[in-house]
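Student: run22.txt is reproduced in full below (compact mmCIF, C-alpha atoms).
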```txt
# COMPACT_ATOMS: atom_id res chain seq x y z
CA ILE Z 1 47.93 115.62 126.01
CA VAL Z 2 48.09 118.73 123.80
CA ALA Z 3 51.57 119.49 125.17
CA SER Z 4 52.83 116.18 123.71
CA THR Z 5 54.46 115.15 126.99
CA TYR Z 6 54.04 111.44 126.32
CA ARG Z 7 55.30 111.61 122.74
CA LEU Z 8 58.33 113.60 123.83
CA LEU Z 9 59.08 111.15 126.61
CA ALA Z 10 58.70 108.17 124.27
CA GLU Z 11 60.99 109.76 121.69
CA GLY Z 12 63.54 110.60 124.34
CA LEU Z 13 63.53 107.07 125.71
CA ALA Z 14 63.78 105.65 122.18
CA ALA Z 15 66.93 107.71 121.67
CA GLU Z 16 68.27 105.99 124.78
CA GLY Z 17 67.46 102.56 123.35
CA ILE Z 18 64.32 102.01 125.44
CA SER Z 19 61.18 100.99 123.55
CA THR Z 20 57.79 102.13 124.81
CA LEU Z 21 54.13 101.42 124.15
CA ARG Z 22 51.56 104.21 124.47
CA TYR Z 23 47.81 103.78 124.12
CA ASP Z 24 44.78 106.03 124.09
CA LYS Z 25 42.64 105.69 127.19
CA ARG Z 26 39.48 103.67 126.62
CA GLY Z 27 36.92 105.83 124.82
CA VAL Z 28 39.48 108.41 123.65
CA ALA Z 29 40.81 108.97 120.09
CA ALA Z 30 41.80 105.61 118.50
CA SER Z 31 40.33 103.79 121.51
CA ALA Z 32 36.90 105.37 121.00
CA PRO Z 33 35.37 102.10 119.70
CA ALA Z 34 36.20 100.49 123.06
CA ALA Z 35 34.22 103.08 125.01
CA LEU Z 36 31.86 101.94 127.73
CA ALA Z 37 28.75 103.77 128.82
CA GLU Z 38 29.98 106.40 131.25
CA SER Z 39 27.80 104.94 134.00
CA ASP Z 40 29.59 101.57 133.61
CA LEU Z 41 33.09 102.99 133.90
CA ARG Z 42 35.09 102.34 137.09
CA PHE Z 43 38.66 103.04 138.09
CA ASP Z 44 39.34 99.32 137.90
CA THR Z 45 38.46 99.47 134.19
CA MET Z 46 41.58 101.58 133.63
CA VAL Z 47 43.63 99.25 135.83
CA ARG Z 48 42.58 96.17 133.86
CA ASP Z 49 43.31 97.94 130.57
CA ALA Z 50 46.82 98.91 131.68
CA GLY Z 51 47.51 95.38 132.87
CA ALA Z 52 46.32 93.98 129.54
CA TRP Z 53 48.54 96.34 127.55
CA ALA Z 54 51.51 95.37 129.72
CA GLY Z 55 50.82 91.74 128.90
CA ARG Z 56 50.56 92.56 125.19
CA LEU Z 57 53.94 94.31 125.31
CA ARG Z 58 55.56 91.34 127.02
CA GLU Z 59 54.19 89.03 124.35
CA GLU Z 60 55.32 91.20 121.44
CA THR Z 61 58.82 91.80 122.79
CA GLY Z 62 59.42 88.40 124.37
CA GLN Z 63 60.57 90.10 127.57
CA ALA Z 64 59.98 88.50 130.95
CA CYS Z 65 58.88 91.83 132.41
CA VAL Z 66 58.10 95.40 131.38
CA TRP Z 67 58.19 98.74 133.19
CA LEU Z 68 55.04 100.72 133.90
CA ILE Z 69 55.43 104.48 133.50
CA GLY Z 70 52.43 106.38 134.84
CA HIS Z 71 51.85 110.13 134.75
CA SER Z 72 49.37 111.97 137.02
CA GLU Z 73 46.30 109.70 137.29
CA GLY Z 74 48.31 107.15 135.32
CA ALA Z 75 50.72 106.88 138.25
CA LEU Z 76 47.83 105.70 140.41
CA ILE Z 77 46.77 103.24 137.71
CA ALA Z 78 50.30 101.83 137.47
CA GLN Z 79 50.43 101.40 141.23
CA ALA Z 80 47.09 99.60 141.25
CA VAL Z 81 48.24 97.21 138.51
CA ALA Z 82 51.37 96.36 140.50
CA ALA Z 83 49.50 96.02 143.78
CA GLU Z 84 47.16 93.45 142.21
CA ASN Z 85 49.88 91.36 140.55
CA GLN Z 86 53.60 92.11 140.27
CA THR Z 87 54.25 89.20 137.90
CA GLY Z 88 55.75 90.42 134.64
CA ILE Z 89 56.40 93.95 135.91
CA CYS Z 90 60.03 95.08 136.21
CA GLY Z 91 59.24 98.21 138.19
CA LEU Z 92 57.36 101.51 138.27
CA VAL Z 93 58.11 105.06 137.20
CA LEU Z 94 55.62 107.47 138.80
CA LEU Z 95 55.62 110.94 137.24
CA SER Z 96 53.71 113.84 138.84
CA GLY Z 97 51.63 111.38 140.85
CA ALA Z 98 49.46 112.16 143.86
CA GLY Z 99 50.41 110.93 147.32
CA ARG Z 100 46.99 111.78 148.72
CA PRO Z 101 43.63 110.22 147.78
CA ALA Z 102 41.96 111.97 144.85
CA ALA Z 103 39.23 113.52 147.00
CA VAL Z 104 41.86 115.34 149.07
CA VAL Z 105 43.78 116.53 146.00
CA LEU Z 106 40.58 117.69 144.30
CA ARG Z 107 39.45 119.64 147.37
CA ASP Z 108 42.78 121.46 147.50
CA GLN Z 109 42.70 122.25 143.78
CA LEU Z 110 39.16 123.61 144.01
CA ARG Z 111 40.01 125.77 147.03
CA ALA Z 112 42.74 127.39 144.95
CA THR Z 113 40.61 128.06 141.86
CA THR Z 114 36.88 128.10 142.67
CA PRO Z 115 34.93 131.07 144.07
CA GLU Z 116 31.96 130.88 146.41
CA PRO Z 117 29.21 129.77 146.46
CA TYR Z 118 30.38 127.06 144.06
CA LEU Z 119 33.29 126.06 146.27
CA SER Z 120 31.07 125.17 149.24
CA GLN Z 121 28.75 123.17 146.97
CA ALA Z 122 31.69 121.30 145.45
CA ILE Z 123 33.22 120.49 148.85
CA THR Z 124 29.88 119.07 150.02
CA VAL Z 125 29.56 116.96 146.88
CA ILE Z 126 33.09 115.62 147.24
CA ALA Z 127 32.47 114.68 150.88
CA GLU Z 128 29.39 112.68 149.91
CA LEU Z 129 31.09 110.90 147.00
CA ASP Z 130 34.13 110.20 149.18
CA ALA Z 131 31.77 108.48 151.64
CA GLY Z 132 30.47 106.30 148.80
CA ARG Z 133 27.11 108.06 148.51
CA THR Z 134 25.61 109.42 145.29
CA VAL Z 135 24.29 112.99 145.26
CA ASP Z 136 21.92 115.32 143.45
CA CYS Z 137 24.39 117.24 141.32
CA PRO Z 138 24.04 121.02 140.89
CA PRO Z 139 24.11 121.77 137.14
CA ILE Z 140 27.10 124.09 137.59
CA LEU Z 141 29.12 121.09 138.88
CA ALA Z 142 28.12 118.65 136.12
CA ALA Z 143 31.76 118.07 135.16
CA LEU Z 144 32.40 116.74 138.66
CA CYS Z 145 29.22 114.97 139.64
CA ARG Z 146 26.74 114.38 136.81
CA ALA Z 147 24.86 111.18 137.64
CA SER Z 148 26.61 109.04 135.02
CA VAL Z 149 30.11 109.87 136.26
CA GLN Z 150 29.49 109.43 139.99
CA PRO Z 151 30.17 105.66 140.10
CA TYR Z 152 33.59 106.26 138.54
CA VAL Z 153 34.43 109.13 140.88
CA ILE Z 154 33.44 107.05 143.93
CA SER Z 155 35.69 104.20 142.74
CA TRP Z 156 38.54 106.67 142.10
CA PHE Z 157 38.19 108.26 145.54
CA ASP Z 158 38.53 104.80 147.09
CA MET Z 159 42.16 104.48 145.95
CA ASP Z 160 44.95 105.32 148.42
CA PRO Z 161 48.28 106.02 146.65
CA VAL Z 162 50.44 105.53 149.74
CA ALA Z 163 48.78 102.20 150.58
CA LEU Z 164 49.30 101.05 146.99
CA ALA Z 165 52.95 102.10 147.06
CA ALA Z 166 53.42 100.08 150.24
CA ALA Z 167 51.64 97.03 148.82
CA GLN Z 168 54.39 96.07 146.34
CA GLU Z 169 58.17 95.73 146.46
CA LEU Z 170 59.10 96.60 142.88
CA PRO Z 171 61.84 99.11 142.05
CA THR Z 172 60.02 102.44 142.00
CA LEU Z 173 61.02 105.93 140.91
CA VAL Z 174 58.96 108.94 142.02
CA LEU Z 175 59.71 112.04 139.93
CA GLN Z 176 58.10 115.37 140.77
CA GLY Z 177 58.52 118.96 139.59
CA THR Z 178 58.64 121.79 142.12
CA THR Z 179 56.34 124.13 140.15
CA ASP Z 180 53.62 121.52 139.61
CA SER Z 181 50.26 123.19 140.31
CA GLN Z 182 48.25 119.93 140.36
CA THR Z 183 50.34 117.65 142.57
CA SER Z 184 53.01 118.72 145.00
CA VAL Z 185 56.45 117.96 146.37
CA GLU Z 186 54.66 116.78 149.50
CA ASP Z 187 52.71 114.26 147.41
CA ALA Z 188 56.00 112.90 146.08
CA ARG Z 189 57.54 112.73 149.55
CA MET Z 190 54.50 110.81 150.81
CA LEU Z 191 54.83 108.26 148.01
CA ALA Z 192 58.56 107.88 148.56
CA ALA Z 193 58.06 107.38 152.30
CA ALA Z 194 55.50 104.59 151.80
CA ARG Z 195 58.23 101.97 152.15
CA PRO Z 196 62.03 101.75 152.05
CA GLY Z 197 63.71 101.65 148.67
CA ILE Z 198 61.54 104.04 146.66
CA GLU Z 199 63.75 106.58 144.87
CA LEU Z 200 62.65 110.23 144.93
CA VAL Z 201 63.76 112.82 142.35
CA LEU Z 202 62.63 116.43 142.64
CA MET Z 203 63.13 118.64 139.60
CA GLU Z 204 63.46 122.36 140.23
CA GLY Z 205 61.24 124.62 138.13
CA VAL Z 206 59.42 121.76 136.40
CA ASN Z 207 55.62 121.62 136.18
CA HIS Z 208 52.96 118.90 136.01
CA LEU Z 209 53.62 118.22 132.33
CA LEU Z 210 57.37 117.85 133.00
CA LYS Z 211 58.25 121.12 131.29
CA VAL Z 212 60.17 124.10 132.62
CA ALA Z 213 57.62 126.60 133.96
CA PRO Z 214 57.40 129.31 136.60
CA ALA Z 215 55.23 129.00 139.68
CA ASP Z 216 52.94 131.77 138.37
CA ARG Z 217 49.73 129.94 137.52
CA VAL Z 218 48.92 131.72 134.24
CA ALA Z 219 52.40 131.27 132.81
CA ASN Z 220 52.53 127.71 134.12
CA ILE Z 221 49.24 126.71 132.48
CA ALA Z 222 50.34 128.34 129.20
CA THR Z 223 52.81 125.48 128.73
CA TYR Z 224 49.91 122.99 128.64
CA SER Z 225 49.00 123.98 125.08
CA ASN Z 226 52.52 124.18 123.65
CA PRO Z 227 53.63 120.91 122.02
CA ASP Z 228 56.82 122.57 120.76
CA LEU Z 229 58.14 123.19 124.27
CA PRO Z 230 60.59 120.37 125.07
CA LEU Z 231 60.57 118.30 128.21
CA ALA Z 232 62.67 119.74 131.00
CA GLY Z 233 66.30 118.76 130.78
CA GLY Z 234 67.03 115.71 132.85
CA VAL Z 235 63.57 114.12 132.76
CA VAL Z 236 64.49 111.52 130.14
CA ASP Z 237 67.91 110.96 131.71
CA GLN Z 238 66.38 110.28 135.12
CA VAL Z 239 63.80 107.82 133.76
CA ALA Z 240 66.23 106.03 131.44
CA GLY Z 241 68.91 105.85 134.11
CA PHE Z 242 66.56 104.36 136.66
CA ILE Z 243 65.30 101.73 134.22
CA ARG Z 244 68.84 100.80 133.23
CA GLN Z 245 70.09 100.44 136.79
```
What does the file become when written as structure tokens?
Tutor:
Amino acid sequence: IVASTYRLLAEGLAAEGISTLRYDKRGVAASAPAALAESDLRFDTMVRDAGAWAGRLREETGQACVWLIGHSEGALIAQAVAAENQTGICGLVLLSGAGRPAAVVLRDQLRATTPEPYLSQAITVIAELDAGRTVDCPPILAALCRASVQPYVISWFDMDPVALAAAQELPTLVLQGTTDSQTSVEDARMLAAARPGIELVLMEGVNHLLKVAPADRVANIATYSNPDLPLAGGVVDQVAGFIRQ
């Protein structure tokens, strides 16, 4: 992330005596040599990778379990890892995660940002992919539905965050900012309500990248390219405190 959210979080946790491991997603930056053909990529690929890195961290530290901290799509990945096998996982920290399936979130985001006639085309495409069917992709929507990415999108749409949250009993923190323009307070409330015992923290005036930002979309998005802007006060304290308790 250009805004350095993950680096800032890792540095903040290190100052609290909590070690972290971060890795580049398969095919990105230092993980580029591990890239698969786009048509072979599935959501479960990311889940398996996260589980493998968790195992590597346990081995290197000698700890019986490690925490999974997932941000945005990473929150869904962390939930899927835990739902498959809770062994060796202490608990979950879900930051700016969706409580609705990705197809629902994507439709809402597009309705807020996309003009006609592209919006109607995109909604139709999403409906087909959500039903598990491939589509002929309009060139203007290649980022969403080019042929090589459709298998991944279909596998992503198949994930239900609330069902995953209910499928495990690990200590779980859901942290959400109130000026997040990508996921919402309602998403966080849905995750927290999936089962008893999930802790919900709402942070006033904090956006998707966990930085202080107004609700105004232009000013909010401006923080996405500013690595010098610190994390919102309290983010590190909330995460560190939950892990310690």
Student: For Z:Ala80, which residue out of Z:Thr223, Z:Thr134, Z:Ser4, Z:Thr45 is the nearest one, using all atoms listed in the file?
Tutor: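 Ranked by minimum distance to Z:Ala80, first place goes to Z:Thr45.
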Student: Using all atoms listed in the file, collect all residues at a distance of at most 12 Å from (29.1, 108.2, 149.6) as written in the file, then present them as a list in words.
Tutor: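 Residues satisfying the cut-off, written out: Ala103, Thr124, Val125, Ile126, Ala127, Glu128, Leu129, Asp130, Ala131, Gly132, Arg133, Thr134, Val135, Asp136, Gln150, Pro151, Val153, Ile154, Ser155, Phe157 and Asp158 of chain Z.
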Student: Up to 6 Å from (44.4, 111.2, 141.7) in the file's coordinates: name the residues, counting only C-alpha atoms, as an MDAnalysis selection string.
Tutor: chainID Z and resid 73 98 102
Student: Rounded to one decimal in Å, what is the spacing between atom CA of Z:Gly70 and atom CA of Z:Ser96?
Tutor: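 Separation between atom CA of Z:Gly70 and atom CA of Z:Ser96: 8.6 Å.
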Student: Z:Leu9: which residues within 9 Å, counting only C-alpha atoms, same-chain residues fewer than 6 positions away excluded, as a ChimeraX atom specification?
Tutor: /Z:231,235-236
Student: List the neighbours of Z:Leu173 out to 8 Å using only C-alpha atoms; skip same-chain residues closer than 5 positions along the sequence, and give me the result as a PyMOL selection string.
Tutor: chain Z and resi 92-94+198-201+239+242
Student: Using atom CA of Z:Tyr224 and atom CA of Z:Asp187 as the two end points, give the distance in Å to one decimal.
Tutor: 20.9 Å
Student: Measuring between all atoms listed in the file, which one of Z:Ala32, Z:His71, Z:Asn207, Z:Ala82 shows the shortest distance to Z:Ala166?
Tutor: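 Selected residue with least distance to Z:Ala166: Z:Ala82.
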Student: Just give me the gap between atom CA of Z:Ala163 and atom CA of Z:Leu191 in Å, one decimal is fine.
Tutor: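 Distance reported for this atom pair: 8.9 Å.
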Student: Can you work out which one of Z:Trp53, Z:Phe43, Z:Trp67, Z:Tyr6 has the shortest atom-to-atom distance to Z:Val149, counting all atoms listed in the file?
Tutor: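 Smallest separation from Z:Val149 among the options: Z:Phe43.
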Student: Identify which of the residues Z:Gln176, Z:Ser19, Z:Thr113, Z:Gln79 lies closest to Z:Glu204, counting only C-alpha atoms when measuring atom-to-atom distances.
Tutor: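 Smallest distance to Z:Glu204 is found for Z:Gln176.
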Student: For each of Z:Pro117, Z:Arg22, Z:Ser225, Z:Val212, take the minimum atom-to-atom distance to Z:Ala10, counting only C-alpha atoms, then give the residue where this is smallest.
Tutor: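 Among Z:Pro117, Z:Arg22, Z:Ser225, Z:Val212, it is Z:Arg22 that comes nearest to Z:Ala10.
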Student: With distances taken over only C-alpha atoms, which of Z:Asp40, Z:Ile243, Z:Ala147, Z:Arg7 is nearest to Z:Val66?
Tutor: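 Answer, going by the shortest atom-to-atom distance: Z:Ile243.
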Student: Which neighbours of Z:Thr20 fall inside 9 Å, counting only C-alpha atoms, when residues of the same chain fewer than 2 positions from it are skipped, and could you give them as a VMD selection string?
Tutor: chain Z and resid 10 to 11 13 to 14 18 22 57
Student: For Z:Ala167, find every residue with an atom within 12 Å (counting all atoms listed in the file), except residues of its own chain fewer than 6 positions away, and show them as a PyMOL selection string.
Tutor: chain Z and resi 79-86+160-161+191+194-196
